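Asks: A single structure is presented below for examination.
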Amino acid sequence: MDKNYWITTDPIDVQAAINQVVRPEAGAISTFIGTVREFTKDKRTLYLEYQAYASMAEKKMLQIGTEIEAKWKDTQTAIVHRIGRLDISDVAVVIAVSTPHRNDAFEASRYAIERIKEIVPIWKKEHWEDGTSWIGDQKEQISYEKKIPSKEEMNNG
């Protein structure tokens, strides 16, 4: 798999992601750091649990990087997403994008997080004070409360 796109169970080293995109021709590096927040829709979160179809997730993150390169000239992107149990304030995702100019870096970074939520097979289970719920997609439009899809279902879907 491409060294710029990875899934990990370890705490994310933000600087390692940034280091993947540092280069002399880049005048800007934009980073997005997604963390676990305590309140979601007035519910207190205790912790999150992320699961992923890791090999497919890494391929989809590479796809996002390829899309960014096609949309913004001379970009380089790194994306890392953590899975497993994450406590409040833990880093869940880091996106680093380098470009010659700052506006492109900002736009590409935002594009990346939105695309991750749309196409990358990562699921989260929210653990609240009063119960739990599996979220089927990161845009929170599909619930996988009863079942997370198998790898075969993901490949055929």
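As shown in the structure tokens, the chain order sets the letters A, B, ...; within each chain, residues go from 1, and ligands are also counted from 1 in the order they appear.
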Show which residues sit within 8 Å of range 107-114 of chain A, as a list in words. Count only C-alpha atoms, and ignore same-chain residues fewer than 6 positions away.
Replies: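 Returned residues: Ser30, Thr31, Phe32, Ile64, Gly65, Ile68, Trp72, Ile95, Ala96 and Val97 of chain A.
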Asks: Could you give me the residues within chain A that DSSP places in strand (DSSP E), as a PyMOL selection string?
Replies: chain A and resi 5-8+28-35+39-40+43-52+76-82+84-87+91-99+122-128+131-135
Asks: So which one's closest to Thr77 in chain A, A:Ile119, A:Val93, A:Met61, A:Ile7? Using only C-alpha atoms, please.
Replies: A:Met61
